[in-house]
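**Q** Input: one structure, supplied below.
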Amino acid sequence: KISKNYLKEWTVTNTNIESEEIILDNYYSPYSNKIHPFHENSINLVLDIERNSAHYVYKIIIPVFLILVIAWSVLWIPTHRIEERLTTSIVSLLALIAYNFVFQDEIPKLNILTSLDKFILWSYLFCSVPIFMTIFLSRFVTTNQKRATFFNKRMRNWGGILYLLLNAQIFLL
């Protein structure tokens with residue numbers, strides 16, 4: 001059973017009848033992967049459909065990205081303020097998990113990883129990075145504040161670039 005919401009997300013762009021023939025002999029059809037017996041009619045209908053992606057961009061990708069931006073904003077909080085950094089990071093991760101439950105029914109259930117699934121998985125991973133980074137840097141805050149700030153700055157610069165490159169690879173390639 002297909003939900004009416006899924007039908008709104010698709011547009012039929014082209015229909016074409018590729019063949020209309022009467023098969024007079026045993027005929028192997030690559031479409032059905034079987035041999036058709038004597039006197040069987042065959043029509044091959046080709047439908048070109050496109051998914052309306054704007055719905056996913058506005059309802060899923062942009063909100064997930066904004067939650068991730070909040071999670072990564074802790075890298076601009078001074079490294080010695082561990083409690084504030086952890087609180088913001090963990091709340092962002094929990095918000096991402098909760099939002100996943102909100103849009104879970106909006107996407108079709110498939111046995112493969114779609115580009116959107118990969119985006120969400122990478123977002124979970126990158127939402128966890130500031131938490132682990134804060135825990136890691138807490139070791140250096142009391143002994144070597146300069147080293148903690150150096151690592152924090154490197155992660156701030158390279159983490160966002162890596163996330164954008166991975167998503168560009170997912171959606172553009």
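Ligands are numbered from 1 in the order shown, residues from 1 within each chain, and chains are lettered A, B, ... in the order they appear in the structure tokens.
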Find the residues around stretch 81-98 of chain A up to 10 Å (only C-alpha atoms counted), leave out those fewer than 5 positions away in its own chain, and share them as a VMD selection string.
**A** chain A and resid 63 to 76 103 to 104 120 123 to 135 137 to 138 141
**Q** Write the selection just made, keeping N, CA, C and O atoms, as a compact mmCIF listing (two decimals), in the first residue's frame?
**A**
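As a result, selection.txt now contains:
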# COMPACT_ATOMS: atom_id res chain seq x y z
N PRO A 63 17.11 21.54 8.38
CA PRO A 63 17.05 21.45 9.85
C PRO A 63 18.16 20.59 10.46
O PRO A 63 18.72 20.96 11.50
N VAL A 64 18.50 19.47 9.83
CA VAL A 64 19.59 18.63 10.34
C VAL A 64 20.90 19.40 10.29
O VAL A 64 21.70 19.37 11.24
N PHE A 65 21.13 20.12 9.21
CA PHE A 65 22.34 20.93 9.09
C PHE A 65 22.40 22.00 10.18
O PHE A 65 23.46 22.24 10.77
N LEU A 66 21.27 22.65 10.47
CA LEU A 66 21.25 23.68 11.52
C LEU A 66 21.54 23.09 12.90
O LEU A 66 22.24 23.71 13.71
N ILE A 67 21.00 21.91 13.17
CA ILE A 67 21.30 21.24 14.44
C ILE A 67 22.79 20.95 14.52
O ILE A 67 23.43 21.12 15.58
N LEU A 68 23.37 20.53 13.41
CA LEU A 68 24.79 20.23 13.38
C LEU A 68 25.64 21.49 13.58
O LEU A 68 26.67 21.45 14.25
N VAL A 69 25.20 22.60 13.01
CA VAL A 69 25.91 23.87 13.21
C VAL A 69 25.91 24.25 14.69
O VAL A 69 26.93 24.70 15.22
N ILE A 70 24.80 24.03 15.36
CA ILE A 70 24.74 24.32 16.80
C ILE A 70 25.71 23.41 17.55
O ILE A 70 26.41 23.85 18.47
N ALA A 71 25.75 22.12 17.18
CA ALA A 71 26.68 21.20 17.83
C ALA A 71 28.13 21.64 17.65
O ALA A 71 28.92 21.57 18.59
N TRP A 72 28.47 22.10 16.45
CA TRP A 72 29.84 22.52 16.18
C TRP A 72 30.16 23.91 16.73
O TRP A 72 31.32 24.29 16.80
N SER A 73 29.14 24.66 17.12
CA SER A 73 29.40 26.00 17.67
C SER A 73 30.15 25.93 19.00
O SER A 73 30.76 26.91 19.42
N VAL A 74 30.15 24.76 19.65
CA VAL A 74 30.89 24.64 20.91
C VAL A 74 32.39 24.80 20.71
O VAL A 74 33.11 25.10 21.67
N LEU A 75 32.86 24.63 19.50
CA LEU A 75 34.29 24.79 19.25
C LEU A 75 34.71 26.25 19.31
O LEU A 75 35.90 26.56 19.29
N TRP A 76 33.75 27.18 19.41
CA TRP A 76 34.06 28.59 19.62
C TRP A 76 33.93 28.98 21.09
O TRP A 76 34.23 30.10 21.46
N PHE A 103 10.88 13.06 11.28
CA PHE A 103 10.79 12.90 9.82
C PHE A 103 10.93 11.45 9.36
O PHE A 103 10.90 11.17 8.17
N GLN A 104 11.01 10.52 10.27
CA GLN A 104 11.17 9.11 9.93
C GLN A 104 10.06 8.59 9.02
O GLN A 104 10.30 7.80 8.12
N ILE A 120 22.31 11.66 6.76
CA ILE A 120 21.89 11.57 8.17
C ILE A 120 22.93 10.82 8.99
O ILE A 120 23.26 11.23 10.11
N SER A 123 25.80 13.01 9.56
CA SER A 123 25.42 14.06 10.51
C SER A 123 25.47 13.55 11.95
O SER A 123 25.91 14.27 12.84
N TYR A 124 25.04 12.31 12.18
CA TYR A 124 25.17 11.72 13.52
C TYR A 124 26.64 11.65 13.93
O TYR A 124 27.00 12.01 15.06
N LEU A 125 27.46 11.18 13.03
CA LEU A 125 28.88 11.07 13.33
C LEU A 125 29.48 12.43 13.64
O LEU A 125 30.17 12.61 14.65
N PHE A 126 29.20 13.41 12.78
CA PHE A 126 29.78 14.73 12.98
C PHE A 126 29.15 15.48 14.14
O PHE A 126 29.75 16.40 14.68
N CYS A 127 27.96 15.10 14.55
CA CYS A 127 27.35 15.71 15.74
C CYS A 127 28.01 15.16 17.01
O CYS A 127 28.05 15.83 18.03
N SER A 128 28.56 13.96 16.92
CA SER A 128 29.24 13.35 18.06
C SER A 128 30.67 13.86 18.22
O SER A 128 31.22 13.80 19.33
N VAL A 129 31.27 14.33 17.15
CA VAL A 129 32.67 14.76 17.20
C VAL A 129 32.92 15.85 18.24
O VAL A 129 33.88 15.74 19.01
N PRO A 130 32.10 16.91 18.34
CA PRO A 130 32.37 17.93 19.37
C PRO A 130 32.31 17.37 20.80
O PRO A 130 33.03 17.84 21.67
N ILE A 131 31.46 16.36 21.02
CA ILE A 131 31.41 15.74 22.35
C ILE A 131 32.73 15.06 22.66
O ILE A 131 33.34 15.28 23.71
N PHE A 132 33.18 14.23 21.72
CA PHE A 132 34.45 13.53 21.94
C PHE A 132 35.62 14.50 21.99
O PHE A 132 36.57 14.30 22.75
N MET A 133 35.55 15.54 21.20
CA MET A 133 36.62 16.55 21.19
C MET A 133 36.70 17.25 22.54
O MET A 133 37.80 17.47 23.06
N THR A 134 35.56 17.60 23.10
CA THR A 134 35.55 18.26 24.41
C THR A 134 36.10 17.34 25.49
O THR A 134 36.87 17.76 26.36
N ILE A 135 35.70 16.07 25.46
CA ILE A 135 36.21 15.11 26.44
C ILE A 135 37.72 14.95 26.29
O ILE A 135 38.47 14.93 27.27
N LEU A 137 39.86 17.11 24.95
CA LEU A 137 40.57 18.33 25.32
C LEU A 137 40.53 18.61 26.81
O LEU A 137 41.36 19.37 27.31
N SER A 138 39.59 18.01 27.52
CA SER A 138 39.52 18.25 28.97
C SER A 138 40.79 17.76 29.67
O SER A 138 41.12 18.25 30.75
N VAL A 141 43.26 20.86 29.43
CA VAL A 141 42.84 22.18 29.91
C VAL A 141 43.64 22.60 31.13
O VAL A 141 44.11 23.73 31.22
**Q** Select from chain A everything DSSP, run on the backbone, classes as alpha helix (DSSP H), then give the selection as a ChimeraX atom specification.
**A** /A:4-8,54-56,62-72,82-103,115-143,145-172
**Q** How many Å lie between atom CA of A:Ala168 and atom CA of A:Thr114, rounded to one decimal?
**A**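 Computing it gives 14.2 Å between the two atoms.
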**Q** Hey, what's within 12 Å of A:Asn167 if we count only C-alpha atoms and toss same-chain stuff fewer than 2 positions away? As a PDB file with all heavy atoms, in the first residue's frame, please?
**A**
ATOM      1  N   ILE A  61      17.025  18.183   5.283  1.00  0.00           N
ATOM      2  CA  ILE A  61      18.449  18.518   5.167  1.00  0.00           C
ATOM      3  C   ILE A  61      18.795  19.821   5.883  1.00  0.00           C
ATOM      4  O   ILE A  61      19.750  19.865   6.663  1.00  0.00           O
ATOM      5  CB  ILE A  61      18.870  18.556   3.682  1.00  0.00           C
ATOM      6  CG1 ILE A  61      18.781  17.145   3.106  1.00  0.00           C
ATOM      7  CG2 ILE A  61      20.269  19.130   3.525  1.00  0.00           C
ATOM      8  CD1 ILE A  61      19.041  17.050   1.621  1.00  0.00           C
ATOM      9  N   PHE A  65      21.127  20.125   9.210  1.00  0.00           N
ATOM     10  CA  PHE A  65      22.342  20.933   9.092  1.00  0.00           C
ATOM     11  C   PHE A  65      22.397  22.005  10.183  1.00  0.00           C
ATOM     12  O   PHE A  65      23.457  22.244  10.772  1.00  0.00           O
ATOM     13  CB  PHE A  65      22.421  21.560   7.696  1.00  0.00           C
ATOM     14  CG  PHE A  65      23.653  22.379   7.482  1.00  0.00           C
ATOM     15  CD1 PHE A  65      24.876  21.778   7.275  1.00  0.00           C
ATOM     16  CD2 PHE A  65      23.589  23.766   7.495  1.00  0.00           C
ATOM     17  CE1 PHE A  65      26.022  22.534   7.085  1.00  0.00           C
ATOM     18  CE2 PHE A  65      24.722  24.535   7.309  1.00  0.00           C
ATOM     19  CZ  PHE A  65      25.946  23.910   7.098  1.00  0.00           C
ATOM     20  N   SER A 115      21.072   8.628  -0.630  1.00  0.00           N
ATOM     21  CA  SER A 115      21.915   9.792  -0.337  1.00  0.00           C
ATOM     22  C   SER A 115      21.458  10.472   0.950  1.00  0.00           C
ATOM     23  O   SER A 115      22.275  10.918   1.750  1.00  0.00           O
ATOM     24  CB  SER A 115      21.868  10.794  -1.494  1.00  0.00           C
ATOM     25  OG  SER A 115      22.389  10.224  -2.649  1.00  0.00           O
ATOM     26  N   LEU A 116      20.151  10.539   1.154  1.00  0.00           N
ATOM     27  CA  LEU A 116      19.627  11.146   2.375  1.00  0.00           C
ATOM     28  C   LEU A 116      20.025  10.334   3.606  1.00  0.00           C
ATOM     29  O   LEU A 116      20.387  10.904   4.644  1.00  0.00           O
ATOM     30  CB  LEU A 116      18.103  11.280   2.282  1.00  0.00           C
ATOM     31  CG  LEU A 116      17.430  12.029   3.407  1.00  0.00           C
ATOM     32  CD1 LEU A 116      17.933  13.471   3.492  1.00  0.00           C
ATOM     33  CD2 LEU A 116      15.923  12.025   3.219  1.00  0.00           C
ATOM     34  N   ASP A 117      19.988   9.003   3.506  1.00  0.00           N
ATOM     35  CA  ASP A 117      20.409   8.148   4.624  1.00  0.00           C
ATOM     36  C   ASP A 117      21.881   8.370   4.951  1.00  0.00           C
ATOM     37  O   ASP A 117      22.264   8.449   6.122  1.00  0.00           O
ATOM     38  CB  ASP A 117      20.179   6.673   4.288  1.00  0.00           C
ATOM     39  CG  ASP A 117      18.717   6.320   4.152  1.00  0.00           C
ATOM     40  OD1 ASP A 117      17.886   6.950   4.838  1.00  0.00           O
ATOM     41  OD2 ASP A 117      18.397   5.418   3.359  1.00  0.00           O
ATOM     42  N   LYS A 118      22.716   8.469   3.920  1.00  0.00           N
ATOM     43  CA  LYS A 118      24.143   8.723   4.137  1.00  0.00           C
ATOM     44  C   LYS A 118      24.357  10.082   4.786  1.00  0.00           C
ATOM     45  O   LYS A 118      25.190  10.228   5.685  1.00  0.00           O
ATOM     46  CB  LYS A 118      24.898   8.640   2.814  1.00  0.00           C
ATOM     47  CG  LYS A 118      24.962   7.242   2.244  1.00  0.00           C
ATOM     48  CD  LYS A 118      25.618   7.248   0.877  1.00  0.00           C
ATOM     49  CE  LYS A 118      25.534   5.881   0.230  1.00  0.00           C
ATOM     50  NZ  LYS A 118      26.077   5.901  -1.143  1.00  0.00           N
ATOM     51  N   PHE A 119      23.607  11.081   4.335  1.00  0.00           N
ATOM     52  CA  PHE A 119      23.699  12.421   4.928  1.00  0.00           C
ATOM     53  C   PHE A 119      23.362  12.373   6.421  1.00  0.00           C
ATOM     54  O   PHE A 119      24.064  12.963   7.243  1.00  0.00           O
ATOM     55  CB  PHE A 119      22.756  13.377   4.194  1.00  0.00           C
ATOM     56  CG  PHE A 119      22.560  14.693   4.876  1.00  0.00           C
ATOM     57  CD1 PHE A 119      23.547  15.662   4.817  1.00  0.00           C
ATOM     58  CD2 PHE A 119      21.398  14.963   5.580  1.00  0.00           C
ATOM     59  CE1 PHE A 119      23.375  16.884   5.455  1.00  0.00           C
ATOM     60  CE2 PHE A 119      21.223  16.177   6.212  1.00  0.00           C
ATOM     61  CZ  PHE A 119      22.213  17.143   6.151  1.00  0.00           C
ATOM     62  N   ILE A 120      22.307  11.660   6.763  1.00  0.00           N
ATOM     63  CA  ILE A 120      21.888  11.573   8.166  1.00  0.00           C
ATOM     64  C   ILE A 120      22.927  10.822   8.992  1.00  0.00           C
ATOM     65  O   ILE A 120      23.264  11.235  10.108  1.00  0.00           O
ATOM     66  CB  ILE A 120      20.488  10.938   8.268  1.00  0.00           C
ATOM     67  CG1 ILE A 120      19.456  11.877   7.649  1.00  0.00           C
ATOM     68  CG2 ILE A 120      20.134  10.618   9.706  1.00  0.00           C
ATOM     69  CD1 ILE A 120      18.104  11.252   7.401  1.00  0.00           C
ATOM     70  N   LEU A 121      23.466   9.729   8.449  1.00  0.00           N
ATOM     71  CA  LEU A 121      24.497   8.982   9.176  1.00  0.00           C
ATOM     72  C   LEU A 121      25.742   9.827   9.415  1.00  0.00           C
ATOM     73  O   LEU A 121      26.298   9.833  10.512  1.00  0.00           O
ATOM     74  CB  LEU A 121      24.855   7.703   8.422  1.00  0.00           C
ATOM     75  CG  LEU A 121      23.815   6.596   8.482  1.00  0.00           C
ATOM     76  CD1 LEU A 121      24.199   5.448   7.560  1.00  0.00           C
ATOM     77  CD2 LEU A 121      23.633   6.103   9.903  1.00  0.00           C
ATOM     78  N   TRP A 122      26.188  10.551   8.377  1.00  0.00           N
ATOM     79  CA  TRP A 122      27.341  11.427   8.552  1.00  0.00           C
ATOM     80  C   TRP A 122      27.038  12.532   9.561  1.00  0.00           C
ATOM     81  O   TRP A 122      27.908  12.943  10.328  1.00  0.00           O
ATOM     82  CB  TRP A 122      27.775  12.048   7.228  1.00  0.00           C
ATOM     83  CG  TRP A 122      28.634  11.138   6.394  1.00  0.00           C
ATOM     84  CD1 TRP A 122      28.338  10.660   5.159  1.00  0.00           C
ATOM     85  CD2 TRP A 122      29.913  10.601   6.735  1.00  0.00           C
ATOM     86  NE1 TRP A 122      29.357   9.859   4.724  1.00  0.00           N
ATOM     87  CE2 TRP A 122      30.347   9.804   5.663  1.00  0.00           C
ATOM     88  CE3 TRP A 122      30.738  10.716   7.848  1.00  0.00           C
ATOM     89  CZ2 TRP A 122      31.555   9.129   5.668  1.00  0.00           C
ATOM     90  CZ3 TRP A 122      31.950  10.034   7.851  1.00  0.00           C
ATOM     91  CH2 TRP A 122      32.339   9.256   6.775  1.00  0.00           C
ATOM     92  N   SER A 123      25.796  13.008   9.564  1.00  0.00           N
ATOM     93  CA  SER A 123      25.420  14.062  10.510  1.00  0.00           C
ATOM     94  C   SER A 123      25.468  13.548  11.947  1.00  0.00           C
ATOM     95  O   SER A 123      25.908  14.266  12.845  1.00  0.00           O
ATOM     96  CB  SER A 123      24.029  14.595  10.179  1.00  0.00           C
ATOM     97  OG  SER A 123      24.054  15.221   8.916  1.00  0.00           O
ATOM     98  N   PHE A 126      29.200  13.406  12.784  1.00  0.00           N
ATOM     99  CA  PHE A 126      29.780  14.728  12.978  1.00  0.00           C
ATOM    100  C   PHE A 126      29.146  15.480  14.141  1.00  0.00           C
ATOM    101  O   PHE A 126      29.748  16.395  14.678  1.00  0.00           O
ATOM    102  CB  PHE A 126      29.705  15.551  11.685  1.00  0.00           C
ATOM    103  CG  PHE A 126      30.850  15.284  10.770  1.00  0.00           C
ATOM    104  CD1 PHE A 126      30.848  14.191   9.928  1.00  0.00           C
ATOM    105  CD2 PHE A 126      31.952  16.116  10.779  1.00  0.00           C
ATOM    106  CE1 PHE A 126      31.913  13.935   9.091  1.00  0.00           C
ATOM    107  CE2 PHE A 126      33.032  15.875   9.944  1.00  0.00           C
ATOM    108  CZ  PHE A 126      33.011  14.774   9.102  1.00  0.00           C
ATOM    109  N   GLY A 160      34.618  21.203   9.692  1.00  0.00           N
ATOM    110  CA  GLY A 160      33.556  21.728   8.837  1.00  0.00           C
ATOM    111  C   GLY A 160      33.835  21.507   7.357  1.00  0.00           C
ATOM    112  O   GLY A 160      32.943  21.149   6.589  1.00  0.00           O
ATOM    113  N   ILE A 161      35.105  21.687   6.975  1.00  0.00           N
ATOM    114  CA  ILE A 161      35.480  21.456   5.581  1.00  0.00           C
ATOM    115  C   ILE A 161      35.282  19.991   5.211  1.00  0.00           C
ATOM    116  O   ILE A 161      34.736  19.676   4.143  1.00  0.00           O
ATOM    117  CB  ILE A 161      36.940  21.904   5.338  1.00  0.00           C
ATOM    118  CG1 ILE A 161      37.049  23.423   5.468  1.00  0.00           C
ATOM    119  CG2 ILE A 161      37.449  21.424   3.991  1.00  0.00           C
ATOM    120  CD1 ILE A 161      38.466  23.947   5.490  1.00  0.00           C
ATOM    121  N   LEU A 162      35.696  19.094   6.087  1.00  0.00           N
ATOM    122  CA  LEU A 162      35.535  17.659   5.828  1.00  0.00           C
ATOM    123  C   LEU A 162      34.066  17.285   5.716  1.00  0.00           C
ATOM    124  O   LEU A 162      33.672  16.526   4.817  1.00  0.00           O
ATOM    125  CB  LEU A 162      36.205  16.848   6.939  1.00  0.00           C
ATOM    126  CG  LEU A 162      36.151  15.331   6.799  1.00  0.00           C
ATOM    127  CD1 LEU A 162      36.856  14.886   5.525  1.00  0.00           C
ATOM    128  CD2 LEU A 162      36.766  14.676   8.012  1.00  0.00           C
ATOM    129  N   TYR A 163      33.230  17.832   6.582  1.00  0.00           N
ATOM    130  CA  TYR A 163      31.790  17.548   6.531  1.00  0.00           C
ATOM    131  C   TYR A 163      31.184  18.029   5.213  1.00  0.00           C
ATOM    132  O   TYR A 163      30.420  17.308   4.570  1.00  0.00           O
ATOM    133  CB  TYR A 163      31.084  18.209   7.716  1.00  0.00           C
ATOM    134  CG  TYR A 163      29.597  18.001   7.722  1.00  0.00           C
ATOM    135  CD1 TYR A 163      29.051  16.773   8.063  1.00  0.00           C
ATOM    136  CD2 TYR A 163      28.726  19.027   7.377  1.00  0.00           C
ATOM    137  CE1 TYR A 163      27.686  16.565   8.061  1.00  0.00           C
ATOM    138  CE2 TYR A 163      27.363  18.829   7.371  1.00  0.00           C
ATOM    139  CZ  TYR A 163      26.851  17.604   7.723  1.00  0.00           C
ATOM    140  OH  TYR A 163      25.497  17.408   7.715  1.00  0.00           O
ATOM    141  N   LEU A 164      31.522  19.231   4.790  1.00  0.00           N
ATOM    142  CA  LEU A 164      30.996  19.764   3.537  1.00  0.00           C
ATOM    143  C   LEU A 164      31.477  18.952   2.328  1.00  0.00           C
ATOM    144  O   LEU A 164      30.722  18.686   1.404  1.00  0.00           O
ATOM    145  CB  LEU A 164      31.366  21.241   3.387  1.00  0.00           C
ATOM    146  CG  LEU A 164      30.686  22.178   4.384  1.00  0.00           C
ATOM    147  CD1 LEU A 164      31.230  23.597   4.235  1.00  0.00           C
ATOM    148  CD2 LEU A 164      29.180  22.158   4.227  1.00  0.00           C
ATOM    149  N   LEU A 165      32.744  18.543   2.353  1.00  0.00           N
ATOM    150  CA  LEU A 165      33.263  17.724   1.247  1.00  0.00           C
ATOM    151  C   LEU A 165      32.582  16.358   1.180  1.00  0.00           C
ATOM    152  O   LEU A 165      32.248  15.871   0.096  1.00  0.00           O
ATOM    153  CB  LEU A 165      34.776  17.565   1.380  1.00  0.00           C
ATOM    154  CG  LEU A 165      35.624  18.789   1.068  1.00  0.00           C
ATOM    155  CD1 LEU A 165      37.087  18.518   1.365  1.00  0.00           C
ATOM    156  CD2 LEU A 165      35.442  19.217  -0.371  1.00  0.00           C
ATOM    157  N   GLN A 169      30.261  15.023  -1.877  1.00  0.00           N
ATOM    158  CA  GLN A 169      30.503  13.728  -2.515  1.00  0.00           C
ATOM    159  C   GLN A 169      29.232  12.899  -2.536  1.00  0.00           C
ATOM    160  O   GLN A 169      28.932  12.218  -3.506  1.00  0.00           O
ATOM    161  CB  GLN A 169      31.635  12.995  -1.780  1.00  0.00           C
ATOM    162  CG  GLN A 169      32.079  11.709  -2.411  1.00  0.00           C
ATOM    163  CD  GLN A 169      31.366  10.493  -1.871  1.00  0.00           C
ATOM    164  OE1 GLN A 169      30.914  10.472  -0.745  1.00  0.00           O
ATOM    165  NE2 GLN A 169      31.270   9.486  -2.688  1.00  0.00           N
ATOM    166  N   ILE A 170      28.427  12.962  -1.489  1.00  0.00           N
ATOM    167  CA  ILE A 170      27.185  12.196  -1.413  1.00  0.00           C
ATOM    168  C   ILE A 170      26.173  12.705  -2.432  1.00  0.00           C
ATOM    169  O   ILE A 170      25.583  11.928  -3.176  1.00  0.00           O
ATOM    170  CB  ILE A 170      26.580  12.274   0.007  1.00  0.00           C
ATOM    171  CG1 ILE A 170      27.412  11.481   0.992  1.00  0.00           C
ATOM    172  CG2 ILE A 170      25.140  11.759   0.017  1.00  0.00           C
ATOM    173  CD1 ILE A 170      27.005  11.701   2.439  1.00  0.00           C
ATOM    174  N   PHE A 171      25.957  14.009  -2.479  1.00  0.00           N
ATOM    175  CA  PHE A 171      24.866  14.556  -3.284  1.00  0.00           C
ATOM    176  C   PHE A 171      25.251  14.931  -4.712  1.00  0.00           C
ATOM    177  O   PHE A 171      24.400  14.986  -5.576  1.00  0.00           O
ATOM    178  CB  PHE A 171      24.255  15.776  -2.586  1.00  0.00           C
ATOM    179  CG  PHE A 171      23.485  15.427  -1.353  1.00  0.00           C
ATOM    180  CD1 PHE A 171      23.923  15.830  -0.097  1.00  0.00           C
ATOM    181  CD2 PHE A 171      22.325  14.682  -1.430  1.00  0.00           C
ATOM    182  CE1 PHE A 171      23.215  15.507   1.032  1.00  0.00           C
ATOM    183  CE2 PHE A 171      21.614  14.351  -0.286  1.00  0.00           C
ATOM    184  CZ  PHE A 171      22.053  14.763   0.935  1.00  0.00           C
ATOM    185  N   LEU A 172      26.516  15.208  -4.952  1.00  0.00           N
ATOM    186  CA  LEU A 172      26.909  15.695  -6.262  1.00  0.00           C
ATOM    187  C   LEU A 172      27.570  14.644  -7.145  1.00  0.00           C
ATOM    188  O   LEU A 172      27.618  14.808  -8.354  1.00  0.00           O
ATOM    189  CB  LEU A 172      27.825  16.909  -6.129  1.00  0.00           C
ATOM    190  CG  LEU A 172      27.221  18.090  -5.367  1.00  0.00           C
ATOM    191  CD1 LEU A 172      28.243  19.203  -5.237  1.00  0.00           C
ATOM    192  CD2 LEU A 172      25.955  18.589  -6.059  1.00  0.00           C
ATOM    193  N   LEU A 173      28.108  13.597  -6.559  1.00  0.00           N
ATOM    194  CA  LEU A 173      28.770  12.579  -7.377  1.00  0.00           C
ATOM    195  C   LEU A 173      27.916  11.360  -7.573  1.00  0.00           C
ATOM    196  O   LEU A 173      27.044  11.015  -6.948  1.00  0.00           O
ATOM    197  CB  LEU A 173      30.106  12.175  -6.748  1.00  0.00           C
ATOM    198  CG  LEU A 173      31.144  13.297  -6.657  1.00  0.00           C
ATOM    199  CD1 LEU A 173      32.408  12.766  -6.018  1.00  0.00           C
ATOM    200  CD2 LEU A 173      31.470  13.874  -8.015  1.00  0.00           C
TER     201      LEU A 173
END
